[in-house]
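File shown here: my_file27.txt, holding compact mmCIF, C-alpha atoms.
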```txt
# COMPACT_ATOMS: atom_id res chain seq x y z
CA MET O 1 11.72 140.42 -117.26
CA THR O 2 15.28 140.58 -115.97
CA THR O 3 15.77 143.32 -113.41
CA ASN O 4 18.36 144.31 -110.87
CA ARG O 5 16.81 143.32 -107.55
CA ILE O 6 18.25 142.35 -104.23
CA ARG O 7 17.75 138.72 -103.26
CA PHE O 8 18.41 137.05 -99.93
CA ALA O 9 19.96 133.78 -98.90
CA PHE O 10 17.90 131.48 -96.73
CA SER O 11 18.17 128.05 -95.24
CA GLN O 12 16.31 125.24 -96.99
CA PRO O 13 13.82 123.70 -94.54
CA THR O 14 12.75 120.11 -94.89
CA ALA O 15 9.28 119.23 -96.15
CA THR O 16 8.07 118.56 -92.60
CA GLN O 17 9.26 121.87 -91.13
CA GLN O 18 6.71 124.60 -90.46
CA GLU O 19 8.01 127.90 -89.16
CA THR O 20 5.75 129.92 -86.88
CA HIS O 21 5.83 133.71 -86.79
CA GLU O 22 3.75 136.40 -85.11
CA THR O 23 3.34 138.37 -88.34
CA ILE O 24 4.10 137.56 -91.98
CA ILE O 25 4.24 140.25 -94.66
CA ILE O 26 3.70 138.97 -98.20
CA GLY O 27 5.46 141.33 -100.59
CA GLY O 28 8.53 143.56 -100.41
CA GLY O 29 7.35 146.56 -102.40
CA MET O 30 6.91 150.01 -100.92
CA SER O 31 3.76 149.05 -99.00
CA GLY O 32 5.40 145.98 -97.51
CA LEU O 33 8.48 148.00 -96.61
CA GLY O 34 6.38 150.69 -94.93
CA CYS O 35 4.72 148.02 -92.83
CA ALA O 36 8.05 146.37 -92.01
CA HIS O 37 9.70 149.63 -90.98
CA ARG O 38 6.97 150.45 -88.50
CA LEU O 39 6.91 146.96 -87.02
CA ARG O 40 10.70 147.09 -86.72
CA ASP O 41 10.53 150.48 -84.99
CA HIS O 42 8.12 148.99 -82.42
CA ALA O 43 10.32 145.92 -81.91
CA GLN O 44 7.56 143.65 -83.19
CA PRO O 45 8.64 140.30 -84.69
CA PHE O 46 7.74 139.58 -88.32
CA LEU O 47 8.83 137.71 -91.42
CA MET O 48 8.71 139.11 -94.96
CA ILE O 49 8.28 136.75 -97.92
CA THR O 50 9.06 138.31 -101.28
CA PRO O 51 10.90 137.42 -104.50
CA GLU O 52 12.46 140.89 -104.59
CA ILE O 53 12.79 144.12 -102.65
CA GLY O 54 11.23 147.18 -104.20
CA GLY O 55 8.30 145.54 -105.96
CA ARG O 56 7.28 147.77 -108.82
CA VAL O 57 10.26 150.03 -108.17
CA ARG O 58 12.00 148.15 -110.97
CA THR O 59 15.36 148.86 -112.53
CA SER O 60 17.39 147.85 -115.57
CA PRO O 61 19.74 144.84 -115.37
CA ASP O 62 22.64 147.16 -114.53
CA GLY O 63 20.59 149.06 -111.94
CA ASN O 64 21.01 152.44 -113.63
CA VAL O 65 17.57 153.01 -115.16
CA ASN O 66 14.24 152.92 -113.33
CA TYR O 67 11.37 151.17 -115.07
CA GLY O 68 8.57 151.53 -112.53
CA ALA O 69 8.61 154.51 -110.18
CA TYR O 70 10.60 157.06 -112.16
CA TYR O 71 11.01 160.05 -109.88
CA VAL O 72 10.73 161.29 -106.30
CA THR O 73 9.80 164.79 -105.21
CA ASP O 74 10.97 166.96 -102.34
CA ASP O 75 7.65 166.22 -100.61
CA TYR O 76 8.50 162.52 -100.23
CA GLN O 77 9.49 162.73 -96.58
CA TRP O 78 9.26 159.00 -95.86
CA THR O 79 10.81 157.49 -98.99
CA LEU O 80 13.57 160.02 -99.72
CA PRO O 81 15.80 158.28 -97.11
CA LEU O 82 15.38 155.03 -99.10
CA VAL O 83 16.78 156.42 -102.37
CA LYS O 84 19.80 158.23 -103.72
CA THR O 85 18.69 161.16 -105.85
CA ILE O 86 20.56 161.68 -109.11
CA ASP O 87 19.32 164.40 -111.47
CA ARG O 88 16.70 167.11 -111.24
CA VAL O 89 13.90 166.50 -113.73
CA HIS O 90 12.96 169.65 -115.64
CA ILE O 91 9.79 169.87 -117.71
CA THR O 92 11.60 172.45 -119.83
CA ASP O 93 13.87 169.67 -121.13
CA GLY O 94 10.89 168.09 -122.88
CA LEU O 95 9.60 168.36 -126.43
CA PHE O 96 5.82 168.27 -126.90
CA HIS O 97 4.18 166.77 -129.97
CA GLN O 98 0.64 167.33 -131.22
CA GLN O 99 -0.09 166.19 -134.75
CA ASP O 100 2.49 168.05 -136.88
CA ALA O 101 3.38 170.60 -134.21
CA ARG O 102 6.49 170.47 -132.01
CA TYR O 103 7.05 172.90 -129.15
CA ARG O 104 8.58 173.27 -125.69
CA PHE O 105 7.14 174.26 -122.33
CA ARG O 106 8.91 177.59 -122.45
CA SER O 107 7.81 178.80 -125.85
CA LEU O 108 5.61 181.37 -127.54
CA ARG O 109 2.89 178.74 -127.48
CA MET O 110 2.74 179.04 -123.69
CA LEU O 111 2.03 182.78 -123.81
CA LYS O 112 -1.60 182.27 -124.76
CA HIS O 113 -1.96 179.86 -121.82
CA LEU O 114 -0.50 182.13 -119.13
CA PRO O 115 -3.84 183.11 -117.50
CA ALA O 116 -4.91 179.44 -117.39
CA MET O 117 -1.48 178.41 -116.12
CA ILE O 118 -1.73 180.96 -113.31
CA ARG O 119 -5.13 179.56 -112.31
CA PHE O 120 -3.88 175.99 -112.45
CA ASN O 121 -0.74 176.86 -110.50
CA SER O 122 -2.85 178.49 -107.79
CA ASP O 123 -5.06 175.39 -107.59
CA LEU O 124 -2.00 173.16 -107.25
CA HIS O 125 -0.57 175.18 -104.36
CA HIS O 126 -3.92 175.08 -102.57
CA PHE O 127 -4.31 171.34 -103.17
CA ARG O 128 -0.73 170.65 -102.07
CA GLN O 129 -1.39 172.17 -98.64
CA HIS O 130 -4.32 169.84 -98.08
CA PHE O 131 -2.61 166.83 -99.63
CA ASN O 132 0.51 167.17 -97.48
CA ALA O 133 -1.62 167.77 -94.38
CA MET O 134 -3.40 164.49 -95.15
CA ASN O 135 -0.08 162.69 -95.42
CA GLU O 136 0.91 163.88 -91.98
CA PHE O 137 -1.78 161.56 -90.59
CA ALA O 138 -1.63 158.83 -93.26
CA GLY O 139 0.36 156.48 -91.05
CA ASP O 140 -2.46 156.33 -88.50
CA PHE O 141 -5.69 156.73 -90.47
CA SER O 142 -7.06 155.26 -93.67
CA ARG O 143 -7.16 157.29 -96.87
CA ARG O 144 -10.93 156.94 -96.94
CA HIS O 145 -11.11 158.56 -93.49
CA LEU O 146 -8.60 161.31 -94.26
CA ILE O 147 -10.18 162.33 -97.55
CA ALA O 148 -13.64 162.39 -95.96
CA ALA O 149 -12.27 164.57 -93.13
CA ASP O 150 -11.15 167.30 -95.57
CA PRO O 151 -13.89 168.93 -97.70
CA VAL O 152 -11.34 170.16 -100.25
CA LEU O 153 -9.95 166.67 -100.83
CA GLN O 154 -13.39 165.05 -100.78
CA GLN O 155 -14.72 167.45 -103.39
CA ALA O 156 -11.69 166.83 -105.62
CA PHE O 157 -12.07 163.07 -105.17
CA ASP O 158 -15.75 163.13 -106.12
CA GLN O 159 -15.42 165.53 -109.03
CA PRO O 160 -14.64 164.20 -112.53
CA ALA O 161 -11.55 165.97 -113.84
CA GLU O 162 -13.47 166.82 -117.00
CA ASP O 163 -15.78 169.06 -114.93
CA TYR O 164 -12.86 170.71 -113.16
CA ILE O 165 -11.00 171.42 -116.41
CA ARG O 166 -14.11 172.97 -117.96
CA GLN O 167 -15.05 175.04 -114.88
CA ARG O 168 -11.55 176.46 -114.57
CA ARG O 169 -11.29 177.08 -118.34
CA LEU O 170 -8.18 174.95 -118.69
CA GLU O 171 -9.11 173.04 -121.86
CA CYS O 172 -6.48 174.58 -124.15
CA LEU O 173 -3.71 174.42 -121.53
CA PHE O 174 -4.43 170.74 -120.95
CA ALA O 175 -4.58 169.98 -124.67
CA ASP O 176 -1.13 171.46 -125.32
CA PHE O 177 0.80 170.67 -122.13
CA ILE O 178 -0.89 169.06 -119.14
CA ASP O 179 -2.48 166.13 -120.96
CA PRO O 180 0.90 164.86 -122.30
CA LEU O 181 2.55 165.36 -118.91
CA LEU O 182 -0.17 163.47 -117.07
CA TRP O 183 -0.16 160.59 -119.54
CA ALA O 184 3.52 160.20 -118.66
CA SER O 185 2.49 159.97 -114.98
CA PHE O 186 -0.49 157.63 -114.98
CA PHE O 187 -0.80 156.42 -118.58
CA ASP O 188 -4.32 157.65 -119.20
CA SER O 189 -6.17 160.77 -120.26
CA PRO O 190 -6.84 163.21 -117.39
CA TYR O 191 -10.43 163.31 -118.62
CA ASN O 192 -10.90 159.71 -117.45
CA VAL O 193 -10.01 160.18 -113.78
CA SER O 194 -11.00 162.37 -110.84
CA THR O 195 -9.83 165.90 -110.13
CA PHE O 196 -8.02 164.53 -107.08
CA PHE O 197 -5.70 162.34 -109.13
CA VAL O 198 -5.14 165.02 -111.77
CA LEU O 199 -4.02 167.52 -109.13
CA ALA O 200 -1.94 164.96 -107.22
CA ALA O 201 -0.15 163.83 -110.38
CA SER O 202 0.46 167.46 -111.38
CA LEU O 203 2.23 168.43 -108.15
CA PRO O 204 5.70 167.93 -109.71
CA LEU O 205 4.95 171.08 -111.70
CA ILE O 206 5.42 173.06 -108.47
CA VAL O 207 7.57 170.65 -106.38
CA PRO O 208 11.13 169.75 -107.46
CA MET O 209 11.42 166.17 -108.70
CA HIS O 210 14.47 163.98 -109.17
CA THR O 211 15.48 160.72 -110.75
CA PHE O 212 16.88 158.27 -108.22
CA VAL O 213 18.52 154.94 -107.44
CA PHE O 214 16.73 152.74 -104.94
CA ASP O 215 18.86 152.04 -101.85
CA THR O 216 18.09 148.45 -100.85
CA ASP O 217 20.39 148.62 -97.82
CA ALA O 218 18.47 151.57 -96.37
CA ALA O 219 15.14 149.99 -97.32
CA THR O 220 15.91 146.77 -95.38
CA LYS O 221 17.97 148.20 -92.53
CA GLY O 222 17.35 146.34 -89.29
CA PHE O 223 15.37 143.42 -90.70
CA ARG O 224 17.36 141.95 -93.55
CA ASP O 225 17.60 138.65 -91.68
CA ARG O 226 13.79 138.50 -91.53
CA ILE O 227 13.38 138.31 -95.33
CA VAL O 228 12.78 135.06 -97.19
CA SER O 229 13.32 135.14 -100.95
CA ASP O 230 10.34 133.23 -102.27
CA SER O 231 6.87 133.73 -103.78
CA VAL O 232 3.57 132.85 -102.12
CA GLN O 233 1.51 130.28 -103.97
CA HIS O 234 -1.59 130.22 -101.77
CA VAL O 235 -2.73 130.85 -98.20
CA GLU O 236 -5.08 129.14 -95.73
CA LEU O 237 -6.88 131.61 -93.48
CA GLY O 238 -7.84 130.28 -90.06
CA GLU O 239 -9.45 131.56 -86.88
CA LYS O 240 -6.23 131.46 -84.88
CA TRP O 241 -3.46 130.63 -87.34
CA HIS O 242 -2.95 131.44 -91.00
CA ARG O 243 -0.82 129.22 -93.20
CA VAL O 244 1.28 130.45 -96.10
CA HIS O 245 2.47 128.10 -98.85
CA THR O 246 5.28 129.17 -101.17
CA THR O 247 6.25 128.18 -104.70
CA ALA O 248 9.39 126.54 -103.30
CA GLY O 249 7.25 124.16 -101.24
CA ARG O 250 7.71 125.82 -97.86
CA MET O 251 4.96 126.37 -95.32
CA PHE O 252 4.77 129.05 -92.66
CA ARG O 253 2.11 129.87 -90.13
CA CYS O 254 1.36 133.15 -88.37
CA ARG O 255 -1.17 134.97 -86.25
CA ASN O 256 -1.16 138.16 -88.34
CA LEU O 257 -1.00 138.03 -92.13
CA VAL O 258 -0.31 141.16 -94.20
CA PHE O 259 -0.90 141.15 -97.95
CA ALA O 260 1.39 143.75 -99.51
CA THR O 261 1.08 142.77 -103.16
CA PRO O 262 -0.74 144.51 -106.05
CA MET O 263 -4.47 144.22 -105.49
CA ASN O 264 -5.11 141.85 -108.38
CA HIS O 265 -2.62 139.41 -106.80
CA THR O 266 -3.92 140.09 -103.30
CA ASN O 267 -7.48 139.32 -104.38
CA ARG O 268 -6.36 136.02 -105.91
CA LEU O 269 -4.83 135.02 -102.57
CA LEU O 270 -7.75 136.32 -100.48
CA GLY O 271 -10.37 134.22 -102.25
CA PRO O 272 -13.75 134.88 -100.57
CA LEU O 273 -12.32 137.99 -98.87
CA ALA O 274 -11.41 139.59 -102.22
CA GLN O 275 -12.01 143.34 -102.28
CA PRO O 276 -13.86 145.52 -104.80
CA ILE O 277 -11.12 147.47 -106.56
CA ARG O 278 -10.87 150.27 -109.08
CA GLY O 279 -10.39 149.68 -112.76
CA GLY O 280 -6.75 149.20 -113.67
CA ILE O 281 -4.63 150.95 -116.28
CA ASP O 282 -2.31 148.83 -118.43
CA VAL O 283 1.00 149.99 -119.85
CA SER O 284 3.92 148.50 -121.74
CA PHE O 285 7.47 149.65 -122.27
CA TYR O 286 10.73 149.08 -124.09
CA HIS O 287 14.18 149.88 -122.79
CA VAL O 288 16.40 150.23 -125.86
CA ARG O 289 19.65 151.52 -127.21
CA GLY O 290 19.36 153.12 -130.59
CA GLN O 291 18.82 156.19 -132.71
CA LEU O 292 15.69 158.30 -132.65
CA ARG O 293 14.32 159.63 -135.89
CA PRO O 294 15.38 163.28 -136.50
CA ARG O 295 11.98 164.68 -135.47
CA TYR O 296 12.41 163.38 -131.91
CA ARG O 297 16.06 164.18 -131.28
CA GLY O 298 17.41 166.98 -129.14
CA ALA O 299 15.18 166.56 -126.08
CA MET O 300 15.53 164.62 -122.86
CA ARG O 301 11.87 163.61 -123.11
CA ASN O 302 9.32 163.49 -125.89
CA PHE O 303 5.76 164.04 -124.68
CA PHE O 304 2.70 163.07 -126.70
CA THR O 305 -1.03 163.56 -126.16
CA SER O 306 -3.03 160.81 -124.51
CA ASP O 307 -4.50 159.99 -127.93
CA GLU O 308 -1.05 158.91 -129.06
CA ALA O 309 -0.35 157.39 -125.63
CA THR O 310 3.43 157.55 -125.74
CA ILE O 311 6.36 158.91 -123.73
CA ILE O 312 10.03 158.60 -124.72
CA SER O 313 12.77 159.43 -122.22
CA ARG O 314 16.51 159.61 -122.86
CA GLU O 315 18.43 158.27 -119.87
CA ARG O 316 21.80 159.30 -118.45
CA ASP O 317 23.55 156.34 -120.08
CA GLY O 318 22.23 157.26 -123.54
CA SER O 319 19.57 154.54 -123.64
CA TYR O 320 15.86 155.24 -124.06
CA LEU O 321 12.65 154.29 -122.28
CA TYR O 322 9.61 154.07 -124.55
CA TYR O 323 6.22 153.66 -122.82
CA TYR O 324 3.20 152.98 -124.98
CA VAL O 325 -0.28 151.54 -125.30
CA ASN O 326 0.06 150.65 -128.99
CA ASP O 327 3.50 149.44 -130.05
CA GLN O 328 4.81 151.84 -132.71
CA ILE O 329 8.49 151.72 -131.89
CA ASP O 330 9.53 151.82 -135.57
CA LYS O 331 7.72 155.14 -135.90
CA TYR O 332 10.06 156.78 -133.41
CA PHE O 333 13.37 154.95 -133.82
CA GLU O 334 15.54 154.60 -136.91
CA SER O 335 17.42 151.72 -135.30
CA TYR O 336 17.40 150.08 -131.90
CA SER O 337 18.36 147.04 -129.86
CA VAL O 338 16.09 145.92 -127.04
CA ILE O 339 17.55 145.68 -123.53
CA THR O 340 14.21 144.86 -121.86
CA ASN O 341 10.52 145.06 -122.62
CA ASP O 342 7.57 144.27 -120.40
CA HIS O 343 3.82 144.73 -119.88
CA TRP O 344 2.09 145.73 -116.66
CA LYS O 345 -1.52 144.59 -116.58
CA PRO O 346 -2.60 146.50 -114.61
CA ALA O 347 0.03 149.08 -113.73
CA LEU O 348 -2.12 151.43 -111.62
CA PHE O 349 -5.68 151.65 -110.28
CA PHE O 350 -7.30 155.01 -111.05
CA HIS O 351 -10.76 154.28 -112.49
CA GLY O 352 -13.40 154.38 -109.78
CA LYS O 353 -13.86 155.43 -106.18
CA GLU O 354 -13.37 152.16 -104.31
CA PHE O 355 -11.21 152.03 -101.19
CA VAL O 356 -9.72 148.78 -99.95
CA ASN O 357 -10.68 147.53 -96.50
CA SER O 358 -7.28 147.31 -94.81
CA GLN O 359 -8.53 144.71 -92.31
CA PRO O 360 -11.11 142.48 -94.04
CA ALA O 361 -11.00 139.85 -91.27
CA PRO O 362 -9.46 139.41 -87.80
CA ASN O 363 -5.67 139.33 -88.08
CA VAL O 364 -5.84 139.70 -91.90
CA PHE O 365 -4.49 142.98 -93.28
CA ILE O 366 -3.99 144.61 -96.68
CA ALA O 367 -1.23 147.07 -97.52
CA SER O 368 -1.10 148.27 -101.12
CA ASP O 369 -0.77 151.27 -103.42
CA HIS O 370 -4.37 150.86 -104.59
CA ASP O 371 -5.94 153.72 -102.65
CA MET O 372 -3.18 156.22 -103.37
CA PRO O 373 -0.52 155.26 -105.95
CA SER O 374 3.10 156.51 -105.74
CA MET O 375 6.12 155.38 -103.74
CA GLU O 376 5.46 157.76 -100.87
CA ASN O 377 1.79 156.95 -100.53
CA ALA O 378 2.32 153.21 -100.82
CA PHE O 379 4.91 153.39 -98.02
CA LEU O 380 2.53 155.42 -95.86
CA ASN O 381 -0.26 152.94 -96.46
CA GLY O 382 2.07 150.20 -95.28
CA ARG O 383 2.71 152.18 -92.11
CA TYR O 384 -1.03 152.54 -91.57
CA THR O 385 -1.48 148.79 -92.00
CA ALA O 386 1.26 148.22 -89.42
CA SER O 387 -0.68 150.45 -87.01
CA LEU O 388 -3.61 148.04 -87.34
CA VAL O 389 -1.33 145.10 -86.62
CA LEU O 390 0.07 146.91 -83.58
CA ARG O 391 -3.29 148.03 -82.22
CA PRO O 392 -3.92 144.97 -79.97
CA ALA O 393 -0.41 145.31 -78.54
CA ARG O 394 -0.98 148.99 -77.82
CA LYS O 395 -4.28 148.26 -76.07
CA SER O 396 -2.71 145.58 -73.92
CA SER O 397 0.09 147.93 -72.88
CA GLY O 398 -2.38 150.63 -71.88
CA ASN O 399 -1.29 153.02 -74.65
CA THR O 400 -4.54 154.48 -75.98
CA SER O 401 -3.17 157.76 -77.37
CA ARG O 402 -4.82 158.99 -80.57
CA ILE O 403 -4.25 161.68 -83.13
CA ALA O 404 -7.27 163.83 -83.86
CA VAL O 405 -8.00 164.89 -87.43
CA ALA O 406 -9.55 168.30 -87.84
```

Would you write the structure of this file as structure tokens?
Amino acid sequence: MTTNRIRFAFSQPTATQQETHETIIIGGGMSGLGCAHRLRDHAQPFLMITPEIGGRVRTSPDGNVNYGAYYVTDDYQWTLPLVKTIDRVHITDGLFHQQDARYRFRSLRMLKHLPAMIRFNSDLHHFRQHFNAMNEFAGDFSRRHLIAADPVLQQAFDQPAEDYIRQRRLECLFADFIDPLLWASFFDSPYNVSTFFVLAASLPLIVPMHTFVFDTDAATKGFRDRIVSDSVQHVELGEKWHRVHTTAGRMFRCRNLVFATPMNHTNRLLGPLAQPIRGGIDVSFYHVRGQLRPRYRGAMRNFFTSDEATIISRERDGSYLYYYVNDQIDKYFESYSVITNDHWKPALFFHGKEFVNSQPAPNVFIASDHDMPSMENAFLNGRYTASLVLRPARKSSGNTSRIAVA
């Protein structure tokens, strides 16, 4: 897939050269950037090896349309400085489809759902307080620890969303509105995941969200000269030194090695240290220019139930993003020309309750979006991983301050 990504110039070492670094970060997505920012802020030396900056924050060839992370919310305290917000995303701009019915969020159809919507809205506000409180400590404690420390979050994490929806009598509301919205967020039925992820993915219903352009200059400020544009082929883990081999034939060694790649790639590199991970969710998309069929015109976004597994979004430049599980593009478009299409296998990890061990071996660390997907949470997990890297340095300097979690 051709995407607009920042790449970096580097010197070509000879075959016999082996650079040595204190810390190497493999991957320049949001987790890798979160780790790099914290190491930079503590004046700790590191090298980042990545083929692109942004990872799954992917954009169109002209840089105007986001393919991966699509929006940011006002709650994204850490990653808002790394983007330039563009437009406010309004659910009311969308057109919902269910069999032969077409309707909008603000419609007579919503009237029968008002009591359920009030209950759901109340649950979201309550969950948001706990979720944001967790994120206040997410740079210093693991998600496993933080969720376990909060009974509200732990209960939501353990509870199947199907039970929550039934107990709160939300079945009809979800069938008409929430199910299509959530499929557009994590590409699966809300009945297949936990209450925690349903509530987290639904927060944009009560928190303003915006489309954005990723700011690579802000994302790499202060360490652009520490980035090598390359991909890692394999690693050799040692007791004192780790060696990293790249596809371009380079070799680096380091004391601390941080894996900041999607967990399926990280596990391939880790070998015997591979982690149990949640089941992944696959998704595919087209970016096209064309003409929608009359039934789907007149809306910024067309939402469909998880049974149909489709979302169509009209972008600012007049092009369309079509995400799907089963390719039915001719059903929705009268005519089209493909700009880009791609498949993410997997795109996200939502099925299961596994948490990744962020330090599976001495001086081996994992930063990823596995435990808590989204730009903000991936960045925070990278910051937490950096805290593990920094821990020996803090001990040696006599700094043993801690943050207590209630």

Do you know which residues lie at most 9 Å from (-14.4, 167.5, -117.2), with coordinates as in the file and all atoms listed in the file counted, and could you write them as a compact mmCIF listing (two decimals) with C-alpha atoms, in the frame of the given file?
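The result, stored in selection.txt:
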```txt
# COMPACT_ATOMS: atom_id res chain seq x y z
CA GLN O 159 -15.42 165.53 -109.03
CA PRO O 160 -14.64 164.20 -112.53
CA ALA O 161 -11.55 165.97 -113.84
CA GLU O 162 -13.47 166.82 -117.00
CA ASP O 163 -15.78 169.06 -114.93
CA TYR O 164 -12.86 170.71 -113.16
CA ILE O 165 -11.00 171.42 -116.41
CA ARG O 166 -14.11 172.97 -117.96
CA GLN O 167 -15.05 175.04 -114.88
CA GLU O 171 -9.11 173.04 -121.86
CA PRO O 190 -6.84 163.21 -117.39
CA TYR O 191 -10.43 163.31 -118.62
CA ASN O 192 -10.90 159.71 -117.45
CA SER O 194 -11.00 162.37 -110.84
CA THR O 195 -9.83 165.90 -110.13
```

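Counting all atoms listed in the file and comparing O:Ser142, O:Asp176, O:Ile24, O:Leu237, the residue that lies closest to Ser368 in chain O is O:Ser142.
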
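Interatomic distance, CA of Arg301 in chain O against CA of Arg109 in chain O: 18.1 Å.
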
**OP:** Write out as JSON, numbers by chain each polymer residue whose atoms come within 8 Å of range 250-263 of chain O, counting only C-alpha atoms; drop sequence neighbours fewer than 5 positions from it.
**Re:** {"O": [13, 15, 17, 18, 19, 20, 21, 22, 23, 24, 25, 26, 27, 28, 29, 31, 32, 240, 241, 242, 243, 244, 245, 277, 363, 364, 365, 366, 367, 368, 369, 370, 382, 389]}

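The set of protein, DNA and RNA residues with any counted atom at most 10 Å from (13.5, 141.3, -88.9) (only C-alpha atoms) reads Ala36, His37, Leu39, Arg40, Ala43, Gln44, Pro45, Phe46, Leu47, Met48, Thr220, Lys221, Gly222, Phe223, Arg224, Asp225, Arg226 and Ile227 of chain O.
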
Identify, on the basis of all atoms listed in the file, every residue whose closest approach to Gly290 in chain O does not exceed 7 Å; exclude the query and any residue fewer than 6 positions from it along the same chain; express the result as a PDB file with C-alpha atoms, in the frame of the given file.
```
ATOM      1  CA  SER O 335      17.420 151.720-135.300  1.00  0.00           C
ATOM      2  CA  TYR O 336      17.400 150.080-131.900  1.00  0.00           C
ATOM      3  CA  SER O 337      18.360 147.040-129.860  1.00  0.00           C
TER       4      SER O 337
END
```

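Here CA of Asp342 in chain O stands at a distance of 20.6 Å from CA of Thr211 in chain O.
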
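Of the residues under consideration (O:Thr216, O:Ser60, O:Ser122, O:Asn326), O:Thr216 shows the shortest atom-to-atom contact distance to Lys84 in chain O when counting all atoms listed in the file.
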
Original post:
What is the CA of Asp150 in chain O to CA of Phe131 in chain O distance in Å?
Top reply: 9.5 Å

Subject >> Shell around Met134 in chain O at 12 Å using only C-alpha atoms, local window under 3 positions removed, as number ranges by chain >> reply: O: 127-131, 137-154, 372, 377, 380, 404-406

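Among the candidates O:Val193, O:Leu114, O:Thr385, O:Asp179, the residue lying nearest to Ala156 in chain O is O:Val193 (atoms considered: all atoms listed in the file).
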
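Proximity of O:Pro208, O:Phe96, O:Val228, O:Phe120 to Ile49 in chain O, computed with all atoms listed in the file, is greatest for O:Val228.
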
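Once Phe333 in chain O and its same-chain neighbours fewer than 4 positions away are set aside, Val288, Arg289, Gly290, Gln291, Leu292, Arg293, Pro294, Arg295, Tyr296, Arg297, Gln328 and Ile329 of chain O remain within 10 Å of it when counting all atoms listed in the file.
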
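Within the 12 Å cut-off around Leu348 in chain O, using all atoms listed in the file and omitting residues fewer than 4 positions from it on the same chain, the listed residues are O:Arg56, O:Gly68, O:Ala69, O:Ser185, O:Phe186, O:Phe187, O:Asp188, O:Val193, O:Phe197, O:Pro262, O:Met263, O:Asn264, O:Ile277, O:Arg278, O:Gly279, O:Gly280, O:Ile281, O:Asp282, O:Val283, O:Trp344, O:Gly352, O:Ser368, O:Asp369, O:His370, O:Asp371, O:Met372, O:Pro373, O:Ser374, O:Ala378.
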
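With only C-alpha atoms as the atoms that count, the residue of O:Arg391, O:His265, O:Arg314, O:His287 with the shortest distance to Pro61 in chain O is O:His287.
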
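Distances from O:Tyr323, O:Phe212, O:Phe304, O:Phe355 to Asp100 in chain O were compared using all atoms listed in the file, and the smallest one belongs to O:Phe304.
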
Is it possible to add N, CA and C atoms to range 189-202 of chain O and hand it back as a PDB file, in the frame of the given file?
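Contents of rebuild-v8.pdb, freshly written:
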```
ATOM      1  N   SER O 189      -5.736 159.399-120.073  1.00  0.00           N
ATOM      2  CA  SER O 189      -6.170 160.770-120.260  1.00  0.00           C
ATOM      3  C   SER O 189      -6.657 161.346-118.934  1.00  0.00           C
ATOM      4  N   PRO O 190      -6.325 162.601-118.629  1.00  0.00           N
ATOM      5  CA  PRO O 190      -6.840 163.210-117.390  1.00  0.00           C
ATOM      6  C   PRO O 190      -8.358 163.314-117.392  1.00  0.00           C
ATOM      7  N   TYR O 191      -8.979 163.223-118.546  1.00  0.00           N
ATOM      8  CA  TYR O 191     -10.430 163.310-118.620  1.00  0.00           C
ATOM      9  C   TYR O 191     -11.110 162.028-118.135  1.00  0.00           C
ATOM     10  N   ASN O 192     -10.336 160.988-117.878  1.00  0.00           N
ATOM     11  CA  ASN O 192     -10.900 159.710-117.450  1.00  0.00           C
ATOM     12  C   ASN O 192     -10.791 159.447-115.958  1.00  0.00           C
ATOM     13  N   VAL O 193     -10.223 160.396-115.206  1.00  0.00           N
ATOM     14  CA  VAL O 193     -10.010 160.180-113.780  1.00  0.00           C
ATOM     15  C   VAL O 193     -10.607 161.339-113.001  1.00  0.00           C
ATOM     16  N   SER O 194     -10.429 161.313-111.696  1.00  0.00           N
ATOM     17  CA  SER O 194     -11.000 162.370-110.840  1.00  0.00           C
ATOM     18  C   SER O 194     -10.065 163.572-110.766  1.00  0.00           C
ATOM     19  N   THR O 195     -10.632 164.698-110.346  1.00  0.00           N
ATOM     20  CA  THR O 195      -9.830 165.900-110.130  1.00  0.00           C
ATOM     21  C   THR O 195      -8.723 165.642-109.119  1.00  0.00           C
ATOM     22  N   PHE O 196      -9.009 164.839-108.110  1.00  0.00           N
ATOM     23  CA  PHE O 196      -8.020 164.530-107.080  1.00  0.00           C
ATOM     24  C   PHE O 196      -6.745 163.969-107.705  1.00  0.00           C
ATOM     25  N   PHE O 197      -6.883 162.981-108.570  1.00  0.00           N
ATOM     26  CA  PHE O 197      -5.700 162.340-109.130  1.00  0.00           C
ATOM     27  C   PHE O 197      -5.003 163.234-110.156  1.00  0.00           C
ATOM     28  N   VAL O 198      -5.765 164.072-110.860  1.00  0.00           N
ATOM     29  CA  VAL O 198      -5.140 165.020-111.770  1.00  0.00           C
ATOM     30  C   VAL O 198      -4.270 166.010-111.006  1.00  0.00           C
ATOM     31  N   LEU O 199      -4.791 166.548-109.909  1.00  0.00           N
ATOM     32  CA  LEU O 199      -4.020 167.520-109.130  1.00  0.00           C
ATOM     33  C   LEU O 199      -2.834 166.848-108.436  1.00  0.00           C
ATOM     34  N   ALA O 200      -3.038 165.656-107.885  1.00  0.00           N
ATOM     35  CA  ALA O 200      -1.940 164.960-107.220  1.00  0.00           C
ATOM     36  C   ALA O 200      -0.815 164.636-108.195  1.00  0.00           C
ATOM     37  N   ALA O 201      -1.172 164.185-109.393  1.00  0.00           N
ATOM     38  CA  ALA O 201      -0.150 163.830-110.380  1.00  0.00           C
ATOM     39  C   ALA O 201       0.523 165.060-110.971  1.00  0.00           C
ATOM     40  N   SER O 202      -0.105 166.227-110.831  1.00  0.00           N
ATOM     41  CA  SER O 202       0.460 167.460-111.380  1.00  0.00           C
ATOM     42  C   SER O 202       1.356 168.197-110.392  1.00  0.00           C
TER      43      SER O 202
END
```
